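Structure file query_11.cif with mmCIF, C-alpha atoms:
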```cif
data_my_file
loop_
_atom_site.label_atom_id
_atom_site.label_comp_id
_atom_site.auth_asym_id
_atom_site.auth_seq_id
_atom_site.Cartn_x
_atom_site.Cartn_y
_atom_site.Cartn_z
CA MET S 1 -122.89 50.28 -206.84
CA PRO S 2 -122.76 51.87 -203.37
CA TYR S 3 -126.44 52.81 -203.69
CA ARG S 4 -127.38 49.30 -204.75
CA SER S 5 -125.37 47.86 -201.85
CA LEU S 6 -127.27 50.15 -199.49
CA ASP S 7 -130.60 49.02 -200.93
CA VAL S 8 -129.64 45.37 -200.47
CA SER S 9 -128.68 46.02 -196.83
CA LYS S 10 -132.03 47.67 -196.16
CA SER S 11 -133.83 44.78 -197.82
CA LEU S 12 -131.96 42.23 -195.71
CA ILE S 13 -132.68 44.14 -192.49
CA HIS S 14 -136.33 44.46 -193.44
CA SER S 15 -136.57 40.71 -194.17
CA PHE S 16 -134.87 39.83 -190.88
CA PHE S 17 -137.22 42.10 -188.91
CA ASN S 18 -140.20 40.65 -190.75
CA LEU S 19 -139.29 37.00 -190.14
CA TYR S 20 -137.73 37.29 -186.68
CA PRO S 21 -139.21 40.25 -184.76
CA LYS S 22 -138.34 38.78 -181.36
CA GLU S 23 -134.68 38.23 -182.30
CA ALA S 24 -134.59 41.69 -183.87
CA ALA S 25 -135.80 43.25 -180.61
CA THR S 26 -133.13 41.33 -178.67
CA LEU S 27 -130.46 42.82 -180.93
CA LEU S 28 -131.94 46.31 -180.75
CA ASN S 29 -131.81 46.20 -176.94
CA ASN S 30 -128.05 46.75 -177.26
CA PHE S 31 -128.38 49.80 -179.54
CA ASP S 32 -128.68 53.48 -178.67
CA LEU S 33 -132.21 54.85 -178.43
CA GLN S 34 -131.87 56.98 -181.55
CA ASP S 35 -130.58 54.01 -183.54
CA ILE S 36 -133.54 51.90 -182.41
CA LEU S 37 -135.94 54.65 -183.46
CA ARG S 38 -134.25 54.84 -186.83
CA TYR S 39 -134.86 51.15 -187.41
CA LEU S 40 -138.49 51.38 -186.21
CA ARG S 41 -139.19 54.23 -188.65
CA PHE S 42 -137.85 52.01 -191.42
CA GLU S 43 -140.49 49.32 -190.70
CA PRO S 44 -144.23 49.27 -191.46
CA THR S 45 -146.38 50.30 -188.50
CA ASN S 46 -147.62 46.79 -187.63
CA ARG S 47 -144.08 45.38 -187.70
CA ALA S 48 -142.73 48.31 -185.67
CA VAL S 49 -145.41 47.71 -183.04
CA GLU S 50 -144.56 44.01 -182.82
CA ILE S 51 -140.83 44.68 -182.43
CA PHE S 52 -141.52 47.43 -179.88
CA THR S 53 -143.51 45.03 -177.70
CA TYR S 54 -140.54 42.63 -177.55
CA LEU S 55 -138.07 45.29 -176.42
CA ASN S 56 -136.83 45.33 -172.84
CA PRO S 57 -139.38 47.43 -170.88
CA GLU S 58 -136.71 49.83 -169.66
CA ILE S 59 -135.49 50.40 -173.23
CA ALA S 60 -139.06 50.80 -174.48
CA ALA S 61 -139.87 53.33 -171.74
CA GLY S 62 -136.82 55.34 -172.73
CA LEU S 63 -137.92 55.28 -176.36
CA ILE S 64 -141.29 56.78 -175.45
CA GLN S 65 -139.64 60.02 -174.39
CA GLU S 66 -137.57 60.14 -177.59
CA MET S 67 -140.36 59.33 -180.05
CA GLU S 68 -141.66 61.94 -182.44
CA ARG S 69 -145.36 62.69 -182.30
CA GLU S 70 -146.23 60.64 -185.39
CA ILE S 71 -144.47 57.41 -184.46
CA PHE S 72 -145.79 57.58 -180.87
CA ILE S 73 -149.37 57.92 -182.09
CA GLN S 74 -148.94 55.07 -184.58
CA ILE S 75 -147.49 52.64 -182.04
CA PHE S 76 -149.64 53.53 -179.03
CA THR S 77 -152.85 53.45 -181.03
CA LEU S 78 -152.24 49.78 -181.89
CA ILE S 79 -150.29 48.49 -178.90
CA ASP S 80 -152.07 46.55 -176.16
CA ALA S 81 -153.47 49.02 -173.61
CA SER S 82 -152.14 47.06 -170.63
CA LEU S 83 -148.61 47.07 -172.05
CA ALA S 84 -148.90 50.76 -172.87
CA ALA S 85 -149.88 51.49 -169.26
CA ARG S 86 -147.04 49.36 -167.88
CA LEU S 87 -144.47 51.20 -170.00
CA LEU S 88 -145.85 54.68 -169.38
CA SER S 89 -145.97 54.05 -165.63
CA ARG S 90 -142.15 54.14 -165.62
CA LEU S 91 -142.20 57.81 -166.64
CA ASP S 92 -142.84 61.01 -164.70
CA PRO S 93 -146.53 62.02 -164.36
CA ASP S 94 -146.00 65.15 -166.48
CA VAL S 95 -144.45 63.11 -169.29
CA ILE S 96 -147.28 60.57 -169.11
CA GLN S 97 -149.98 63.22 -169.48
CA SER S 98 -148.18 65.01 -172.30
CA ARG S 99 -147.82 61.75 -174.21
CA LEU S 100 -151.42 60.64 -173.59
CA SER S 101 -152.68 64.01 -174.80
CA LEU S 102 -151.44 63.05 -178.27
CA LEU S 103 -153.85 60.10 -178.46
CA SER S 104 -157.59 60.07 -179.04
CA ALA S 105 -159.78 60.78 -176.00
CA ALA S 106 -161.08 57.20 -175.85
CA ARG S 107 -157.62 55.64 -176.16
CA SER S 108 -156.12 58.05 -173.64
CA LYS S 109 -158.87 57.28 -171.11
CA GLU S 110 -158.46 53.53 -171.61
CA ILE S 111 -154.73 53.69 -170.84
CA ASN S 112 -155.15 56.25 -168.06
CA ASP S 113 -157.68 54.03 -166.28
CA LEU S 114 -155.13 51.22 -166.22
CA LEU S 115 -152.57 53.54 -164.66
CA LYS S 116 -154.77 54.23 -161.64
CA TYR S 117 -155.14 51.93 -158.65
CA PRO S 118 -157.34 52.43 -155.58
CA PRO S 119 -155.54 53.63 -152.44
CA ALA S 120 -154.30 50.96 -150.02
CA THR S 121 -153.81 48.38 -152.78
CA ALA S 122 -150.63 46.71 -153.98
CA GLY S 123 -150.77 48.58 -157.31
CA PHE S 124 -151.03 51.92 -155.52
CA LEU S 125 -148.00 51.11 -153.34
CA MET S 126 -145.71 49.62 -155.98
CA ASP S 127 -142.74 51.20 -157.69
CA PRO S 128 -143.33 50.70 -161.46
CA ILE S 129 -139.62 51.09 -162.22
CA VAL S 130 -138.48 47.48 -161.89
CA ASN S 131 -135.82 45.41 -163.65
CA MET S 132 -136.99 42.85 -166.19
CA PHE S 133 -134.85 40.37 -168.10
CA ARG S 134 -135.58 37.59 -170.56
CA PRO S 135 -134.35 33.97 -170.19
CA ASP S 136 -132.15 34.48 -173.30
CA ASP S 137 -130.22 37.36 -171.72
CA THR S 138 -126.65 36.60 -170.67
CA ILE S 139 -125.03 37.41 -167.35
CA LYS S 140 -122.84 39.94 -169.14
CA THR S 141 -125.93 41.78 -170.42
CA VAL S 142 -127.58 41.71 -166.99
CA LEU S 143 -124.55 43.11 -165.18
CA LYS S 144 -124.16 45.86 -167.76
CA ARG S 145 -127.71 47.04 -167.13
CA VAL S 146 -127.50 46.58 -163.38
CA ARG S 147 -124.49 48.89 -163.23
CA ALA S 148 -126.70 51.59 -164.76
CA TYR S 149 -129.01 51.34 -161.73
CA ARG S 150 -126.52 52.94 -159.37
CA GLU S 151 -129.12 55.00 -157.56
CA ARG S 152 -131.30 51.96 -156.80
CA ARG S 153 -130.78 49.05 -154.48
CA ILE S 154 -131.26 45.81 -156.42
CA VAL S 155 -131.59 42.53 -154.55
CA ASN S 156 -133.20 40.25 -157.14
CA ILE S 157 -133.32 39.89 -160.91
CA ASN S 158 -136.81 39.38 -162.36
CA ILE S 159 -137.21 36.98 -165.29
CA VAL S 160 -140.21 37.52 -167.60
CA ASP S 161 -141.38 35.75 -170.74
CA ASP S 162 -142.29 37.32 -174.09
CA GLU S 163 -145.67 38.46 -172.71
CA GLY S 164 -144.11 40.11 -169.67
CA LYS S 165 -145.29 37.41 -167.25
CA LEU S 166 -143.05 36.86 -164.23
CA THR S 167 -141.53 33.37 -164.48
CA GLY S 168 -138.64 33.42 -162.03
CA ILE S 169 -136.46 35.39 -159.61
CA ILE S 170 -132.68 35.11 -159.25
CA PRO S 171 -130.77 36.69 -156.33
CA LEU S 172 -128.24 39.24 -157.50
CA GLN S 173 -125.43 37.45 -155.69
CA GLU S 174 -125.92 34.43 -157.96
CA ILE S 175 -125.70 36.70 -160.97
CA ALA S 176 -122.45 38.18 -159.67
CA VAL S 177 -120.65 34.83 -159.40
CA ALA S 178 -121.94 33.30 -162.65
CA ARG S 179 -119.90 33.15 -165.87
CA PRO S 180 -120.44 36.13 -168.20
CA ASN S 181 -121.67 34.06 -171.16
CA THR S 182 -124.17 32.03 -169.11
CA TYR S 183 -127.83 32.46 -170.07
CA LEU S 184 -130.35 33.31 -167.35
CA ARG S 185 -132.41 30.27 -168.31
CA ASP S 186 -129.51 28.04 -167.25
CA ILE S 187 -129.41 29.43 -163.69
CA PRO S 188 -131.68 27.85 -161.06
CA GLN S 189 -134.59 30.18 -160.34
CA SER S 190 -136.74 30.44 -157.25
CA PRO S 191 -140.52 30.12 -157.78
CA PRO S 192 -141.72 33.72 -157.80
CA VAL S 193 -143.68 35.00 -154.81
CA MET S 194 -145.96 37.73 -156.14
CA ILE S 195 -149.18 39.58 -155.45
CA GLN S 196 -151.92 40.97 -157.68
CA ALA S 197 -152.06 44.74 -158.11
CA ILE S 198 -155.63 44.96 -156.81
CA SER S 199 -154.85 43.07 -153.57
CA PRO S 200 -155.48 45.10 -150.39
CA LEU S 201 -152.79 46.42 -148.06
CA GLU S 202 -153.55 43.73 -145.49
CA GLU S 203 -152.58 40.96 -147.92
CA VAL S 204 -149.36 42.77 -148.80
CA VAL S 205 -148.38 43.02 -145.12
CA GLN S 206 -149.27 39.38 -144.47
CA LEU S 207 -147.27 38.10 -147.44
CA LEU S 208 -144.18 40.15 -146.62
CA GLU S 209 -144.27 38.96 -143.01
CA GLU S 210 -144.86 35.30 -143.83
CA GLN S 211 -142.23 35.09 -146.57
CA LYS S 212 -139.71 37.43 -144.87
CA LEU S 213 -139.33 39.40 -148.10
CA ILE S 214 -137.41 42.61 -148.66
CA SER S 215 -139.42 43.34 -151.80
CA LEU S 216 -142.56 41.91 -153.36
CA PRO S 217 -143.28 41.75 -157.14
CA VAL S 218 -146.68 43.07 -158.19
CA VAL S 219 -148.46 41.49 -161.18
CA ASP S 220 -151.71 41.97 -163.03
CA PHE S 221 -154.49 39.38 -163.27
CA GLU S 222 -152.61 37.46 -165.99
CA GLY S 223 -149.30 37.40 -164.09
CA ARG S 224 -147.53 40.18 -166.01
CA LEU S 225 -144.98 42.06 -163.90
CA LEU S 226 -146.08 45.62 -163.14
CA GLY S 227 -143.71 46.74 -160.40
CA THR S 228 -142.41 45.95 -156.94
CA ILE S 229 -143.21 46.92 -153.36
CA ARG S 230 -140.26 47.59 -151.10
CA SER S 231 -140.38 47.23 -147.32
CA ASN S 232 -139.79 50.94 -146.61
CA THR S 233 -142.72 51.85 -148.88
CA LEU S 234 -144.94 49.44 -146.99
CA ILE S 235 -143.99 50.95 -143.62
CA ASN S 236 -144.84 54.45 -144.80
CA ALA S 237 -148.13 53.26 -146.32
CA ALA S 238 -149.09 51.55 -143.06
CA LYS S 239 -148.56 54.83 -141.19
CA ILE S 240 -150.76 56.71 -143.65
CA ASP S 241 -153.44 54.01 -143.53
CA ALA S 242 -153.53 54.21 -139.73
CA THR S 243 -154.45 57.92 -139.89
CA GLU S 244 -157.19 57.57 -142.53
CA ASP S 245 -159.73 56.12 -140.12
CA VAL S 246 -159.31 59.13 -137.83
CA GLN S 247 -159.78 61.52 -140.74
CA THR S 248 -162.93 59.84 -141.97
CA MET S 249 -164.48 60.08 -138.52
CA PHE S 250 -164.57 63.86 -139.09
CA GLY S 251 -165.94 63.57 -142.62
CA ALA S 252 -162.62 64.01 -144.38
CA GLY S 253 -162.62 60.57 -146.00
CA ARG S 254 -164.46 59.39 -149.09
CA GLU S 255 -166.15 56.44 -147.33
CA GLU S 256 -168.48 56.50 -144.35
CA ARG S 257 -167.29 54.65 -141.25
CA ALA S 258 -169.13 53.26 -138.25
CA LEU S 259 -168.22 56.30 -136.14
CA SER S 260 -168.68 58.98 -138.78
CA LYS S 261 -170.72 62.06 -137.84
CA VAL S 262 -174.49 61.78 -138.16
CA THR S 263 -174.57 64.71 -140.58
CA PHE S 264 -171.88 63.06 -142.69
CA ALA S 265 -173.83 59.78 -142.80
CA ILE S 266 -177.05 61.61 -143.71
CA ARG S 267 -175.31 63.59 -146.42
CA LYS S 268 -173.95 60.36 -147.94
CA ARG S 269 -177.10 58.26 -147.63
CA LEU S 270 -180.10 60.57 -148.10
CA PRO S 271 -179.59 61.46 -151.80
CA TRP S 272 -179.51 57.80 -152.73
CA LEU S 273 -182.59 57.07 -150.61
CA GLN S 274 -184.45 59.81 -152.48
CA ILE S 275 -183.32 58.39 -155.81
CA ASN S 276 -184.39 54.92 -154.72
CA LEU S 277 -187.80 56.30 -153.74
CA ALA S 278 -188.23 57.82 -157.19
CA THR S 279 -187.33 54.55 -158.89
CA ALA S 280 -189.76 52.67 -156.64
CA PHE S 281 -192.55 54.96 -157.84
CA LEU S 282 -191.55 54.16 -161.44
CA ALA S 283 -192.08 50.46 -160.72
CA ALA S 284 -195.39 51.27 -159.01
CA LEU S 285 -196.42 53.25 -162.08
CA VAL S 286 -195.87 50.19 -164.27
CA VAL S 287 -198.08 48.10 -161.98
CA GLY S 288 -200.71 50.86 -162.08
CA LEU S 289 -200.88 50.60 -165.86
CA PHE S 290 -202.32 47.09 -165.45
CA GLU S 291 -204.69 47.89 -162.60
CA ASP S 292 -207.72 46.60 -164.50
CA THR S 293 -205.99 43.31 -165.33
CA ILE S 294 -205.04 42.77 -161.68
CA ALA S 295 -208.60 43.62 -160.60
CA ARG S 296 -209.98 40.93 -162.95
CA ILE S 297 -207.26 38.34 -162.27
CA THR S 298 -206.33 38.98 -158.65
CA VAL S 299 -204.05 35.94 -158.47
CA LEU S 300 -201.51 37.86 -160.57
CA ALA S 301 -200.65 39.96 -157.52
CA VAL S 302 -199.54 36.82 -155.70
CA PHE S 303 -196.87 36.03 -158.29
CA LEU S 304 -195.55 39.54 -158.94
CA PRO S 305 -192.84 39.21 -156.23
CA VAL S 306 -191.76 35.86 -157.71
CA VAL S 307 -191.02 37.31 -161.15
CA ALA S 308 -189.43 40.47 -159.78
CA GLY S 309 -187.38 38.51 -157.25
CA GLN S 310 -185.92 36.10 -159.80
CA SER S 311 -185.06 38.85 -162.26
CA GLY S 312 -183.52 40.86 -159.42
CA ASN S 313 -181.36 37.92 -158.34
CA THR S 314 -180.26 37.29 -161.93
CA GLY S 315 -179.30 40.93 -162.37
CA SER S 316 -177.44 40.98 -159.05
CA GLN S 317 -175.40 37.92 -160.03
CA ALA S 318 -174.41 39.48 -163.35
CA LEU S 319 -173.68 42.78 -161.61
CA ALA S 320 -171.43 41.13 -159.01
CA VAL S 321 -169.40 39.26 -161.65
CA THR S 322 -169.04 42.36 -163.83
CA MET S 323 -168.09 44.58 -160.90
CA ARG S 324 -165.44 42.08 -159.86
CA GLY S 325 -164.12 41.97 -163.42
CA LEU S 326 -163.85 45.77 -163.51
CA ALA S 327 -162.20 45.90 -160.08
CA LEU S 328 -159.64 43.22 -160.93
CA ARG S 329 -159.22 44.65 -164.43
CA GLU S 330 -160.14 41.35 -166.03
CA ILE S 331 -162.34 43.35 -168.41
CA ARG S 332 -162.36 46.86 -169.87
CA THR S 333 -165.25 49.03 -171.01
CA GLN S 334 -164.44 48.23 -174.64
CA GLN S 335 -165.28 44.57 -173.95
CA TRP S 336 -168.90 45.32 -173.00
CA PHE S 337 -170.33 43.33 -175.91
CA ARG S 338 -168.56 40.09 -174.93
CA VAL S 339 -169.66 40.48 -171.32
CA ALA S 340 -173.24 41.31 -172.33
CA ARG S 341 -173.44 38.37 -174.76
CA LYS S 342 -172.27 35.96 -172.08
CA GLU S 343 -174.80 37.23 -169.52
CA ILE S 344 -177.64 37.10 -172.07
CA LEU S 345 -176.91 33.44 -172.78
CA VAL S 346 -176.60 32.64 -169.07
CA GLY S 347 -179.83 34.50 -168.33
CA PHE S 348 -181.64 32.65 -171.14
CA MET S 349 -180.51 29.17 -170.07
CA ASN S 350 -181.16 29.83 -166.39
CA GLY S 351 -184.47 31.43 -167.35
CA LEU S 352 -185.59 28.28 -169.16
CA ALA S 353 -184.74 26.10 -166.17
CA VAL S 354 -186.40 28.42 -163.64
CA ALA S 355 -189.40 28.95 -165.92
CA LEU S 356 -190.00 25.20 -166.13
CA THR S 357 -189.93 24.83 -162.36
CA THR S 358 -192.10 27.91 -161.81
CA SER S 359 -194.72 26.94 -164.39
CA LEU S 360 -195.08 23.46 -162.87
CA ILE S 361 -195.57 24.94 -159.40
CA VAL S 362 -198.14 27.45 -160.68
CA PHE S 363 -200.02 24.79 -162.67
CA PHE S 364 -200.37 22.38 -159.75
CA TRP S 365 -201.07 25.19 -157.26
CA ILE S 366 -203.59 27.27 -159.22
CA GLY S 367 -204.61 24.72 -161.84
CA SER S 368 -204.28 27.26 -164.65
CA PHE S 369 -202.36 26.26 -167.77
CA GLY S 370 -202.60 29.81 -169.15
CA LEU S 371 -201.08 31.39 -166.04
CA ALA S 372 -198.29 28.80 -166.08
CA ILE S 373 -197.45 29.75 -169.69
CA VAL S 374 -197.53 33.48 -168.91
CA ILE S 375 -195.26 33.29 -165.89
CA ALA S 376 -192.84 30.96 -167.71
CA VAL S 377 -192.43 33.31 -170.69
CA ALA S 378 -192.23 36.36 -168.42
CA MET S 379 -189.55 34.64 -166.34
CA VAL S 380 -187.35 34.00 -169.39
CA ILE S 381 -187.77 37.55 -170.74
CA SER S 382 -187.12 39.25 -167.41
CA MET S 383 -184.09 37.10 -166.56
CA VAL S 384 -182.49 37.69 -169.96
CA ILE S 385 -182.92 41.46 -169.68
CA ALA S 386 -181.81 41.40 -166.03
CA GLY S 387 -178.60 39.58 -166.96
CA LEU S 388 -177.96 42.06 -169.76
CA SER S 389 -178.61 44.99 -167.43
CA GLY S 390 -176.37 43.62 -164.69
CA ALA S 391 -173.51 43.40 -167.19
CA VAL S 392 -174.00 46.66 -169.06
CA ILE S 393 -175.01 49.12 -166.31
CA PRO S 394 -171.68 49.15 -164.38
CA ILE S 395 -169.69 49.29 -167.62
CA LEU S 396 -171.76 52.24 -168.88
CA LEU S 397 -171.41 54.08 -165.57
CA LYS S 398 -167.65 53.56 -165.60
CA SER S 399 -167.38 54.77 -169.19
CA PHE S 400 -169.20 57.97 -168.14
CA GLY S 401 -166.73 58.50 -165.31
CA GLN S 402 -169.12 57.45 -162.51
CA ASP S 403 -168.44 55.04 -159.68
CA PRO S 404 -170.27 51.80 -160.60
CA ALA S 405 -170.15 50.50 -157.04
CA GLN S 406 -172.14 53.47 -155.78
CA SER S 407 -175.12 53.57 -158.12
CA SER S 408 -175.28 50.34 -160.16
CA SER S 409 -177.54 48.49 -157.71
CA ILE S 410 -180.17 51.25 -157.66
CA VAL S 411 -180.33 51.49 -161.43
CA LEU S 412 -180.39 47.70 -161.72
CA THR S 413 -183.23 47.33 -159.20
CA THR S 414 -185.29 49.83 -161.15
CA VAL S 415 -184.72 48.03 -164.45
CA THR S 416 -185.40 44.52 -163.10
CA ASP S 417 -188.58 45.58 -161.28
CA ILE S 418 -189.98 47.44 -164.28
CA VAL S 419 -189.09 44.67 -166.74
CA GLY S 420 -190.37 41.93 -164.44
CA PHE S 421 -193.70 43.63 -163.76
CA PHE S 422 -194.21 44.78 -167.34
CA SER S 423 -193.43 41.41 -168.93
CA PHE S 424 -195.63 39.45 -166.51
CA LEU S 425 -198.62 41.78 -166.42
CA GLY S 426 -198.30 42.69 -170.10
CA LEU S 427 -198.38 39.05 -171.20
CA ALA S 428 -201.26 38.34 -168.84
CA THR S 429 -203.21 41.22 -170.40
CA LEU S 430 -202.48 40.07 -173.96
CA LEU S 431 -203.30 36.42 -173.34
CA ALA S 432 -206.22 36.88 -170.95
CA GLY S 433 -208.70 36.26 -173.73
CA THR S 434 -206.83 33.20 -175.03
CA PHE S 435 -206.20 31.25 -171.78
CA ASN S 436 -208.23 30.81 -168.65
CA MET S 437 -206.05 32.22 -165.85
CA ILE S 438 -208.43 31.92 -162.92
#
```
Can the structure in the file be given as structure tokens, please?
Amino acid sequence: MPYRSLDVSKSLIHSFFNLYPKEAATLLNNFDLQDILRYLRFEPTNRAVEIFTYLNPEIAAGLIQEMEREIFIQIFTLIDASLAARLLSRLDPDVIQSRLSLLSAARSKEINDLLKYPPATAGFLMDPIVNMFRPDDTIKTVLKRVRAYRERRIVNINIVDDEGKLTGIIPLQEIAVARPNTYLRDIPQSPPVMIQAISPLEEVVQLLEEQKLISLPVVDFEGRLLGTIRSNTLINAAKIDATEDVQTMFGAGREERALSKVTFAIRKRLPWLQINLATAFLAALVVGLFEDTIARITVLAVFLPVVAGQSGNTGSQALAVTMRGLALREIRTQQWFRVARKEILVGFMNGLAVALTTSLIVFFWIGSFGLAIVIAVAMVISMVIAGLSGAVIPILLKSFGQDPAQSSSIVLTTVTDIVGFFSFLGLATLLAGTFNMI
């Protein structure tokens, strides 16, 4: 009988966790870490992951350090990469690297990329250890956790929803005078003033000065709370930022400045000029392949810049949008197919519209129906490939550990020029015997 009773208890717990994972996580928040792990081991991997995502971030971060190798790999292989990064950011750097080393190289890199923010941005300045509470938490629960933060100065309580998005802020003094059994959702909340993690230092300073804030919540692009910037951190960062310009003047910085040394500027610029020269010769080589066609139909030379220019503009537009998405972390390298598909469709539709306009101009200008057809088809082909290239090139460079902002434009220019010239001159060569192009 005792064994059967135990089996029934396990079955009931399993059913409750299966039907109400959010409520189960709320209950587990009040348990010891080892007890929570014991319950997670009892559940299937998918259910354990779901319950883990609903846990209070501070509890979940504590669990990471207590997890055995197997359960950590199971959960962090399936969990959302952004959430994984937010939880791991609460730990010491040594712990983070030791935990990430357990995952596959691709998964580890994906999470590690989300942990890094460029210098002089809000994400770089923030403290990832920040309090987070749910609307269903009671004042009693909040005060119990706040008392555990004795080494930290807490001014506000941050309210987040099930997805970790910041929904409200309550001053601690209001928490202190409220009744213990009151839910946070029943307390008036100030509209949250927050800043995106990728925002520059200047915006952080401006917002803190305008709003007279002691601390500033930092969120990702979707509004999920990542950390907070405190005024003392901002002051120190401003001092460091003020010295960086002086350092870069002597070649110590990563970026060239207006007053950098001549040798520093040459060292930064010349290699890329040489690479650009080589790519220009590649485009010239493509044109040289159709030298006989150009000699017979000299008017083709007039329209070469038109095709190359439109494909270049299309690629630059796709490149700018993709680069912005990577910088703001709207997209990750694993989403390359969705980005590429979108830019192919945009390039095709825009290509049709531009091809129609271009073919009409060529027909009424030159009077050649064949040339109008050739340039229209070439325009569509080159713009589709240019859009695809503008989307894929920066993502590929980033996946290989290169800086997309530094080399994407050169690679893109090479691709768009070669594709534009080859499609236009190649079609003209193929169809020269079918249509009159003179």
What residues come out when you apply the PyMOL selection byres ((chain S and resi 152-169) around 10) to this file, written as a count of residues only? 50
Where does region 296-342 of chain S meet region 377-388 of chain S within 8 Å, residue by residue, with the nearest atom pair and distance in Å to one decimal for each, counting all atoms listed in the file, listed by chain and rising number, as CSV?
```
residue,atom,partner,partner_atom,distance
S:Val307,CA,S:Met379,CA,6.0
S:Gln310,CA,S:Met383,CA,7.1
S:Ser311,CA,S:Met383,CA,4.7
S:Gly312,CA,S:Ala386,CA,6.8
S:Thr314,CA,S:Gly387,CA,5.8
S:Gly315,CA,S:Ala386,CA,4.5
S:Gln317,CA,S:Gly387,CA,7.8
S:Ala318,CA,S:Gly387,CA,5.5
S:Leu319,CA,S:Gly387,CA,7.9
S:Ala340,CA,S:Leu388,CA,5.4
S:Arg341,CA,S:Leu388,CA,7.7
```
Across S:Leu100, S:Val339, S:Ala432, S:Glu66, the smallest distance to Leu371 (chain S), with all atoms listed in the file counted, is shown by S:Ala432
Counting only C-alpha atoms, the residue of S:Leu114, S:Leu397, S:Val306, S:Leu425 that sits nearest Ala355 (chain S) |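 Of S:Leu114, S:Leu397, S:Val306, S:Leu425, the one nearest Ala355 (chain S) is S:Val306, counting only C-alpha atoms.
What separates CA of Thr26 (chain S) from CA of Ile111 (chain S) is a distance of 26.1 Å.
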| query | Using all atoms listed in the file, which of the listed residues (S:Leu19, S:Ile187, S:Ile75, S:Ile195) sits closest to Leu40 (chain S)? | reply |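 Ranking S:Leu19, S:Ile187, S:Ile75, S:Ile195 by distance to Leu40 (chain S), first place goes to S:Ile75.
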| Please, what distance in Å, to one decimal, runs between CA of Gly123 (chain S) and CA of Ile198 (chain S)? |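 CA of Gly123 (chain S) sits 6.1 Å away from CA of Ile198 (chain S).
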Give me the result of the PyMOL selection byres ((chain S and resi 18) around 12) on this file, residue by residue, as a VMD selection string. chain S and resid 11 to 17 19 to 25 40 42 to 51
